[in-house]
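Student: Handing over target_17.txt, compact mmCIF, C-alpha atoms and all ligand atoms.
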# COMPACT_ATOMS: atom_id res chain seq x y z
CA MET X 1 -6.61 -22.87 -1.19
CA THR X 2 -4.85 -21.11 1.68
CA LYS X 3 -2.04 -18.87 0.45
CA LEU X 4 1.53 -19.24 1.66
CA SER X 5 3.37 -15.98 2.32
CA VAL X 6 7.02 -16.60 3.11
CA ASN X 7 8.51 -14.33 5.75
CA ILE X 8 12.10 -13.66 4.67
CA ASN X 9 13.35 -11.84 7.80
CA LYS X 10 15.69 -14.71 8.67
CA ILE X 11 17.44 -14.51 5.29
CA ALA X 12 18.22 -10.87 6.06
CA THR X 13 19.40 -11.82 9.55
CA LEU X 14 21.90 -14.26 8.03
CA ARG X 15 23.08 -11.68 5.50
CA ASN X 16 23.49 -9.00 8.18
CA ALA X 17 25.65 -11.31 10.30
CA ARG X 18 28.58 -10.63 7.93
CA GLY X 19 27.67 -7.22 6.58
CA GLY X 20 27.93 -8.21 2.90
CA ASN X 21 25.26 -9.44 0.50
CA ILE X 22 25.33 -13.21 1.14
CA PRO X 23 22.72 -14.55 0.96
CA ASP X 24 21.22 -12.15 -1.58
CA LEU X 25 17.79 -11.24 -0.20
CA ILE X 26 16.42 -10.01 -3.52
CA LYS X 27 17.48 -13.15 -5.38
CA ALA X 28 16.00 -15.25 -2.58
CA ALA X 29 12.65 -13.42 -2.88
CA ILE X 30 12.60 -13.90 -6.66
CA ASP X 31 13.40 -17.61 -6.29
CA ILE X 32 10.90 -18.15 -3.48
CA GLN X 33 8.17 -16.76 -5.73
CA ASN X 34 9.35 -18.87 -8.67
CA PHE X 35 9.26 -21.95 -6.44
CA GLY X 36 5.55 -21.41 -5.77
CA ALA X 37 5.11 -19.12 -2.77
CA ASP X 38 2.02 -16.95 -3.02
CA GLY X 39 3.59 -13.98 -1.31
CA ILE X 40 6.52 -12.45 0.52
CA THR X 41 6.29 -11.02 4.03
CA VAL X 42 8.78 -8.72 5.73
CA HIS X 43 8.86 -7.09 9.14
CA PRO X 44 11.11 -4.02 9.04
CA ARG X 45 12.05 -3.01 12.59
CA PRO X 46 13.37 0.38 13.68
CA ASP X 47 16.84 -1.06 14.47
CA GLU X 48 17.02 -2.71 11.01
CA ARG X 49 18.41 -5.86 12.59
CA HIS X 50 17.02 -7.94 9.76
CA ILE X 51 14.98 -6.22 7.05
CA LYS X 52 16.26 -2.73 6.25
CA GLN X 53 14.24 0.13 4.75
CA LYS X 54 16.28 -0.23 1.57
CA ASP X 55 15.33 -3.93 1.38
CA VAL X 56 11.66 -2.98 1.45
CA LEU X 57 12.14 -0.50 -1.39
CA ASP X 58 14.20 -2.99 -3.45
CA LEU X 59 11.74 -5.83 -2.83
CA SER X 60 8.83 -3.68 -3.98
CA GLN X 61 10.44 -3.63 -7.45
CA ILE X 62 10.58 -7.43 -7.86
CA ILE X 63 7.54 -8.79 -6.05
CA ARG X 64 4.99 -10.10 -8.50
CA THR X 65 2.98 -12.15 -6.02
CA GLU X 66 1.60 -10.58 -2.84
CA PHE X 67 3.72 -8.22 -0.75
CA ASN X 68 2.80 -8.14 2.94
CA ILE X 69 4.60 -5.70 5.22
CA GLU X 70 4.09 -6.19 8.92
CA GLY X 71 5.15 -4.00 11.79
CA TYR X 72 4.34 -1.58 14.54
CA PRO X 73 2.66 1.49 13.02
CA SER X 74 5.22 4.13 13.94
CA GLU X 75 5.40 7.31 11.87
CA ASN X 76 8.37 5.92 9.94
CA PHE X 77 6.60 2.62 9.28
CA ILE X 78 3.52 4.37 7.89
CA LYS X 79 5.71 6.60 5.72
CA LEU X 80 7.52 3.53 4.35
CA VAL X 81 4.38 1.56 3.53
CA LYS X 82 2.84 4.57 1.83
CA THR X 83 5.95 4.88 -0.34
CA VAL X 84 5.89 1.22 -1.28
CA LYS X 85 2.13 0.61 -1.31
CA PRO X 86 2.21 -3.16 -0.74
CA HIS X 87 -0.87 -5.34 -1.22
CA GLN X 88 -1.28 -5.80 2.50
CA VAL X 89 -0.08 -4.20 5.72
CA THR X 90 -0.32 -6.21 8.94
CA LEU X 91 -0.18 -4.13 12.11
CA VAL X 92 1.58 -5.75 15.06
CA PRO X 93 1.78 -4.31 18.58
CA ASP X 94 5.28 -5.41 19.57
CA PRO X 95 7.72 -2.85 20.97
CA PRO X 96 10.99 -2.23 19.06
CA GLU X 97 13.11 -4.35 21.44
CA ALA X 98 10.93 -7.48 21.15
CA ILE X 99 12.78 -10.51 19.71
CA THR X 100 9.67 -11.42 17.75
CA SER X 101 5.95 -10.63 17.89
CA ASN X 102 4.69 -12.07 21.14
CA ALA X 103 1.03 -10.99 21.44
CA GLY X 104 -1.86 -9.64 19.43
CA TRP X 105 -3.43 -6.19 19.74
CA ASP X 106 -5.72 -5.18 22.53
CA THR X 107 -8.17 -3.60 20.10
CA ILE X 108 -10.30 -2.16 22.91
CA LYS X 109 -7.49 -0.20 24.54
CA ASN X 110 -5.99 0.86 21.19
CA PHE X 111 -9.29 1.42 19.41
CA SER X 112 -8.94 5.01 18.21
CA PHE X 113 -5.19 4.67 17.48
CA LEU X 114 -5.85 1.65 15.26
CA LYS X 115 -9.01 3.03 13.69
CA ASP X 116 -7.22 6.20 12.52
CA ILE X 117 -4.35 4.21 11.00
CA ILE X 118 -6.58 1.61 9.36
CA THR X 119 -8.82 4.29 7.87
CA ASP X 120 -5.79 6.12 6.51
CA LEU X 121 -4.22 2.99 4.97
CA LYS X 122 -7.52 1.85 3.47
CA GLU X 123 -8.11 5.25 1.89
CA PHE X 124 -4.61 4.88 0.48
CA GLY X 125 -5.71 1.63 -1.20
CA ILE X 126 -3.83 -0.84 1.00
CA ARG X 127 -5.48 -3.97 2.40
CA THR X 128 -5.19 -3.99 6.18
CA SER X 129 -4.79 -6.75 8.71
CA ILE X 130 -4.42 -6.69 12.49
CA PHE X 131 -2.39 -9.26 14.43
CA ILE X 132 -4.67 -10.57 17.16
CA ASP X 133 -5.24 -13.29 19.77
CA THR X 134 -8.34 -15.50 19.79
CA ASN X 135 -10.12 -13.19 22.25
CA LEU X 136 -13.63 -12.69 20.79
CA ASP X 137 -14.06 -9.22 22.34
CA PHE X 138 -10.88 -8.07 20.61
CA ILE X 139 -12.08 -9.57 17.32
CA ALA X 140 -15.47 -7.85 17.65
CA LYS X 141 -13.69 -4.54 18.19
CA ALA X 142 -11.45 -5.24 15.17
CA SER X 143 -14.59 -5.32 13.09
CA GLU X 144 -15.52 -1.82 14.36
CA ILE X 145 -12.01 -0.68 13.47
CA ASN X 146 -12.98 -1.84 9.99
CA CYS X 147 -9.81 -3.74 9.10
CA ASP X 148 -10.09 -6.11 6.14
CA ARG X 149 -8.49 -9.05 7.90
CA ILE X 150 -7.17 -10.30 11.19
CA GLU X 151 -4.02 -12.39 11.51
CA LEU X 152 -4.50 -14.90 14.31
CA TYR X 153 -1.41 -15.21 16.52
CA THR X 154 -0.76 -18.95 16.40
CA GLU X 155 2.03 -19.32 18.97
CA PRO X 156 -0.37 -20.73 21.62
CA TYR X 157 -1.62 -23.27 19.05
CA ALA X 158 1.92 -24.31 18.13
CA ALA X 159 2.94 -24.63 21.79
CA LEU X 160 0.03 -26.90 22.72
CA PHE X 161 -0.11 -28.87 19.46
CA PRO X 162 2.39 -31.61 20.44
CA ILE X 163 0.48 -32.27 23.68
CA ASN X 164 -3.18 -31.95 22.64
CA LYS X 165 -3.92 -30.82 19.11
CA GLU X 166 -7.74 -30.78 19.52
CA LYS X 167 -7.46 -28.51 22.54
CA ALA X 168 -4.81 -26.42 20.79
CA VAL X 169 -6.95 -25.64 17.77
CA ALA X 170 -10.34 -25.20 19.51
CA PRO X 171 -10.05 -21.47 20.37
CA PHE X 172 -8.84 -20.78 16.82
CA VAL X 173 -11.84 -22.53 15.29
CA GLU X 174 -14.15 -20.50 17.52
CA ALA X 175 -12.34 -17.25 16.67
CA ALA X 176 -12.37 -17.99 12.94
CA ASN X 177 -16.08 -18.81 12.90
CA PHE X 178 -16.82 -15.63 14.83
CA ALA X 179 -14.65 -13.46 12.59
CA ASN X 180 -16.30 -14.90 9.50
CA LYS X 181 -19.76 -14.22 10.94
CA ILE X 182 -18.95 -10.54 11.43
CA GLY X 183 -17.34 -10.21 8.01
CA ILE X 184 -13.58 -10.26 8.69
CA LYS X 185 -11.25 -12.42 6.64
CA ILE X 186 -8.62 -14.53 8.38
CA ASN X 187 -4.86 -14.89 8.11
CA ALA X 188 -2.66 -16.70 10.61
CA GLY X 189 0.96 -16.90 11.59
CA HIS X 190 3.68 -17.55 14.12
CA ASP X 191 5.44 -20.82 14.85
CA LEU X 192 3.59 -22.70 12.14
CA ASN X 193 5.72 -25.54 10.77
CA LEU X 194 5.70 -28.78 8.79
CA GLN X 195 4.26 -30.68 11.76
CA ASN X 196 1.41 -28.41 12.83
CA LEU X 197 0.35 -26.62 9.62
CA LYS X 198 -1.78 -29.30 7.94
CA TYR X 199 -4.02 -29.86 10.95
CA PHE X 200 -4.45 -26.11 11.48
CA ASN X 201 -5.39 -25.56 7.85
CA GLU X 202 -7.86 -28.45 7.87
CA LYS X 203 -9.57 -27.28 11.03
CA ILE X 204 -9.71 -23.54 10.50
CA PRO X 205 -12.52 -22.55 8.22
CA PHE X 206 -12.12 -19.57 5.89
CA LEU X 207 -8.34 -19.33 6.30
CA LYS X 208 -7.02 -17.03 3.55
CA GLU X 209 -3.28 -16.90 4.19
CA VAL X 210 -0.53 -18.09 6.48
CA SER X 211 2.75 -16.27 6.89
CA ILE X 212 5.64 -18.48 7.88
CA GLY X 213 9.29 -17.61 8.43
CA HIS X 214 11.41 -19.15 11.15
CA ALA X 215 10.59 -22.85 10.74
CA LEU X 216 10.43 -22.65 6.95
CA ILE X 217 13.88 -21.11 6.61
CA ALA X 218 15.25 -23.63 9.13
CA ASP X 219 13.72 -26.51 7.11
CA ALA X 220 15.42 -25.11 4.01
CA LEU X 221 18.82 -25.87 5.61
CA TYR X 222 18.00 -29.56 5.23
CA LEU X 223 15.63 -29.71 2.26
CA GLY X 224 16.70 -26.71 0.21
CA ILE X 225 14.35 -23.77 -0.30
CA GLU X 226 12.60 -25.17 -3.41
CA LYS X 227 11.64 -28.49 -1.80
CA THR X 228 10.71 -26.73 1.42
CA ILE X 229 8.22 -24.45 -0.30
CA ALA X 230 6.75 -27.42 -2.15
CA ALA X 231 6.38 -29.27 1.17
CA TYR X 232 4.55 -26.37 2.83
CA LYS X 233 2.34 -25.82 -0.21
CA GLU X 234 1.38 -29.48 -0.21
CA LEU X 235 0.15 -29.17 3.37
CA LEU X 236 -2.12 -26.30 2.35
CA GLU X 237 -3.80 -28.14 -0.51
N1 LIG M 301 3.16 -13.06 11.67
C1 LIG M 301 3.72 -12.05 12.39
C2 LIG M 301 2.86 -10.86 12.68
C3 LIG M 301 5.05 -12.09 12.79
O1 LIG M 301 5.58 -11.07 13.47
C4 LIG M 301 5.83 -13.20 12.43
C5 LIG M 301 7.28 -13.25 12.82
O2 LIG M 301 7.96 -12.20 12.20
C6 LIG M 301 5.22 -14.24 11.70
C7 LIG M 301 3.90 -14.15 11.34
C8 LIG M 301 5.98 -15.46 11.28
O3 LIG M 301 6.31 -16.20 12.41
P1 LIG M 301 7.38 -17.37 12.28
O4 LIG M 301 8.68 -16.72 11.95
O5 LIG M 301 7.36 -18.00 13.65
O6 LIG M 301 6.91 -18.30 11.21
Give the structure from this file in structure tokens form.
Ligand code: PXP

Tutor:
Amino acid sequence: MTKLSVNINKIATLRNARGGNIPDLIKAAIDIQNFGADGITVHPRPDERHIKQKDVLDLSQIIRTEFNIEGYPSENFIKLVKTVKPHQVTLVPDPPEAITSNAGWDTIKNFSFLKDIITDLKEFGIRTSIFIDTNLDFIAKASEINCDRIELYTEPYAALFPINKEKAVAPFVEAANFANKIGIKINAGHDLNLQNLKYFNEKIPFLKEVSIGHALIADALYLGIEKTIAAYKELLE
């Protein structure tokens, strides 16, 4: 079964809006795990506009499922993940000012940069993943970089899904089959939601994990977080 990692950035965004501790991010992470999520994802950014360094350290004490830390591999980021040693680190190429991740890595242009970081993190005992588009050349190069997984950037799928779901998923099926053939495991994320997740999961072979934040936290406003997690988990069965 595909694992559900809940990205809790938006809970931190809400908390930071008032400067206090409401909602309590740590309590939310504990509850989200108790309600059936298979993991927690965070994306600490240099400006700490949602997840702060301290949050990452505090979360590392209470996560009993899978901890996935994503981000641009700056010196500070690498230092932080080596302190915390999460189960998985997902490298994303977005610059600090980006609102959210908006593209995958060009693994050809960034080959030696990524290879050095991946080698270092793997030697440190952390599973590695690279955020990537469905470009087969980039996926082939990811295999030379020797990362354990790729995370397919699903925004283009989500954007086209309401218009033509077969066409939307086709490049992802091709990319997933190719990645599997060359020995890379597959995660996926970005703009997945209650409408488009089931079809994606049914069509994409070998999908290990999805990480979902924005839509899931928005759904929780209506359904509550416990029912929301159950609803997402049901779609992954
Ligand atoms: N994967 C990566 C690499 C991301 O940067 C994000 C957003 O932080 C997600 C997944 C989750 O995307 P969404 O919030 O749209 O579900």

Student: Write out as a ChimeraX atom specification each polymer residue (protein, DNA or RNA) that has an atom no more than 10 Å from ligand LIG 301 (chain M), with only C-alpha atoms and all ligand atoms counted.

Tutor: /X:5-10,41-44,69-72,90-94,99-104,129-132,151-155,158,187-193,210-218

Student: Write out as an mmCIF file with C-alpha atoms, in the coordinates of the input the residues lying within 9 Å of Ala29 in chain X, counting only C-alpha atoms and excluding same-chain residues fewer than 2 positions away.

Tutor:
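New file around_27.cif:
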data_model
loop_
_atom_site.group_PDB
_atom_site.id
_atom_site.type_symbol
_atom_site.label_atom_id
_atom_site.label_comp_id
_atom_site.auth_asym_id
_atom_site.auth_seq_id
_atom_site.Cartn_x
_atom_site.Cartn_y
_atom_site.Cartn_z
ATOM 1 C CA VAL X 6 7.020 -16.600 3.110
ATOM 2 C CA ILE X 8 12.100 -13.660 4.670
ATOM 3 C CA ASP X 24 21.220 -12.150 -1.580
ATOM 4 C CA LEU X 25 17.790 -11.240 -0.200
ATOM 5 C CA ILE X 26 16.420 -10.010 -3.520
ATOM 6 C CA LYS X 27 17.480 -13.150 -5.380
ATOM 7 C CA ASP X 31 13.400 -17.610 -6.290
ATOM 8 C CA ILE X 32 10.900 -18.150 -3.480
ATOM 9 C CA GLN X 33 8.170 -16.760 -5.730
ATOM 10 C CA ASN X 34 9.350 -18.870 -8.670
ATOM 11 C CA ILE X 40 6.520 -12.450 0.520
ATOM 12 C CA LEU X 59 11.740 -5.830 -2.830
ATOM 13 C CA ILE X 62 10.580 -7.430 -7.860
ATOM 14 C CA ILE X 63 7.540 -8.790 -6.050
#

Student: One decimal, Å: what's the distance from CA of Lys165 in chain X over to CA of Gly224 in chain X, could you say?

Tutor: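 Going from CA of Lys165 in chain X over to CA of Gly224 in chain X covers 28.3 Å.
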
Student: Have a look at CA of Asn135 in chain X and CA of Tyr232 in chain X and let me know their distance in Å, one decimal.

Tutor: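 So the two atoms, CA of Asn135 in chain X and CA of Tyr232 in chain X, lie 27.7 Å apart.
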
Student: Have a look at X:Ile204, X:Ala231, X:Leu236, X:Ile108 and name the one nearest to Glu166 in chain X; count only C-alpha atoms.

Tutor: X:Ile204

Student: Which residue out of X:Lys181, X:Lys141, X:Lys203, X:Arg15 has the minimum interatomic distance to Tyr157 in chain X when only C-alpha atoms are used?

Tutor: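 For Tyr157 in chain X, the nearest of the given residues is X:Lys203.
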
Student: What separation in Å, quoted to one decimal, exists between CA of Ile22 in chain X and CA of Asp38 in chain X?

Tutor: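 Taking CA of Ile22 in chain X as the start and CA of Asp38 in chain X as the end point, the length is 24.0 Å.
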
Student: Name the residues, using the chain letters and numbers of the file, that sit within 7 Å of (8.2, -27.7, -7.1) when counting all atoms listed in the file, and give them as a list of chain:residue names.

Tutor: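 Answer for this query, in the requested form: X:Phe35, X:Gly36, X:Glu226, X:Lys227, X:Ala230.
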
Student: Which is closer to Ala28 in chain X than all the others in X:Val81, X:Ala168, X:Ala176, X:Ala220, using all atoms listed in the file?

Tutor: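 So, comparing all the options, the nearest one is X:Ala220.
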
Student: Return as AutoDock Vina command-line options the centre and edge lengths, in Å with one decimal, of the box along x, y and z that encloses every atom of range 209-223 of chain X in the file, padded by 3 Å per side.

Tutor:
--center_x 7.8 --center_y -23.0 --center_z 6.7 --size_x 28.1 --size_y 19.4 --size_z 14.9

Student: Could you check which of X:Lys198, X:Lys167, X:Lys185, X:Arg149 is closest to Gln88 in chain X, using only C-alpha atoms?

Tutor: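 For Gln88 in chain X, the nearest of the given residues is X:Arg149.
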
Student: For Arg49 in chain X, which of X:Ile11, X:Leu136, X:Leu207, X:Leu223 is the closest residue, counting all atoms listed in the file?

Tutor: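 Between X:Ile11, X:Leu136, X:Leu207, X:Leu223, the residue approaching Arg49 in chain X most closely is X:Ile11.
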
Student: Between X:Thr134, X:Thr13, X:Asn164, X:Asn201, which is the closest to His50 in chain X once you count all atoms listed in the file?

Tutor: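 Closest to His50 in chain X, using all atoms listed in the file: X:Thr13.
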
Student: Which residues are near Phe113 in chain X? Cut-off 12 Å, only C-alpha atoms, ignore same chain within fewer than 2 positions. Put them as a tab-separated table (two decimals) with C-alpha atoms, keeping the file's coordinate frame.

Tutor:
chain	number	residue	atom	x	y	z
X	72	TYR	CA	4.34	-1.58	14.54
X	73	PRO	CA	2.66	1.49	13.02
X	74	SER	CA	5.22	4.13	13.94
X	91	LEU	CA	-0.18	-4.13	12.11
X	93	PRO	CA	1.78	-4.31	18.58
X	105	TRP	CA	-3.43	-6.19	19.74
X	106	ASP	CA	-5.72	-5.18	22.53
X	107	THR	CA	-8.17	-3.60	20.10
X	108	ILE	CA	-10.30	-2.16	22.91
X	109	LYS	CA	-7.49	-0.20	24.54
X	110	ASN	CA	-5.99	0.86	21.19
X	111	PHE	CA	-9.29	1.42	19.41
X	115	LYS	CA	-9.01	3.03	13.69
X	116	ASP	CA	-7.22	6.20	12.52
X	117	ILE	CA	-4.35	4.21	11.00
X	118	ILE	CA	-6.58	1.61	9.36
X	119	THR	CA	-8.82	4.29	7.87
X	120	ASP	CA	-5.79	6.12	6.51
X	142	ALA	CA	-11.45	-5.24	15.17
X	145	ILE	CA	-12.01	-0.68	13.47
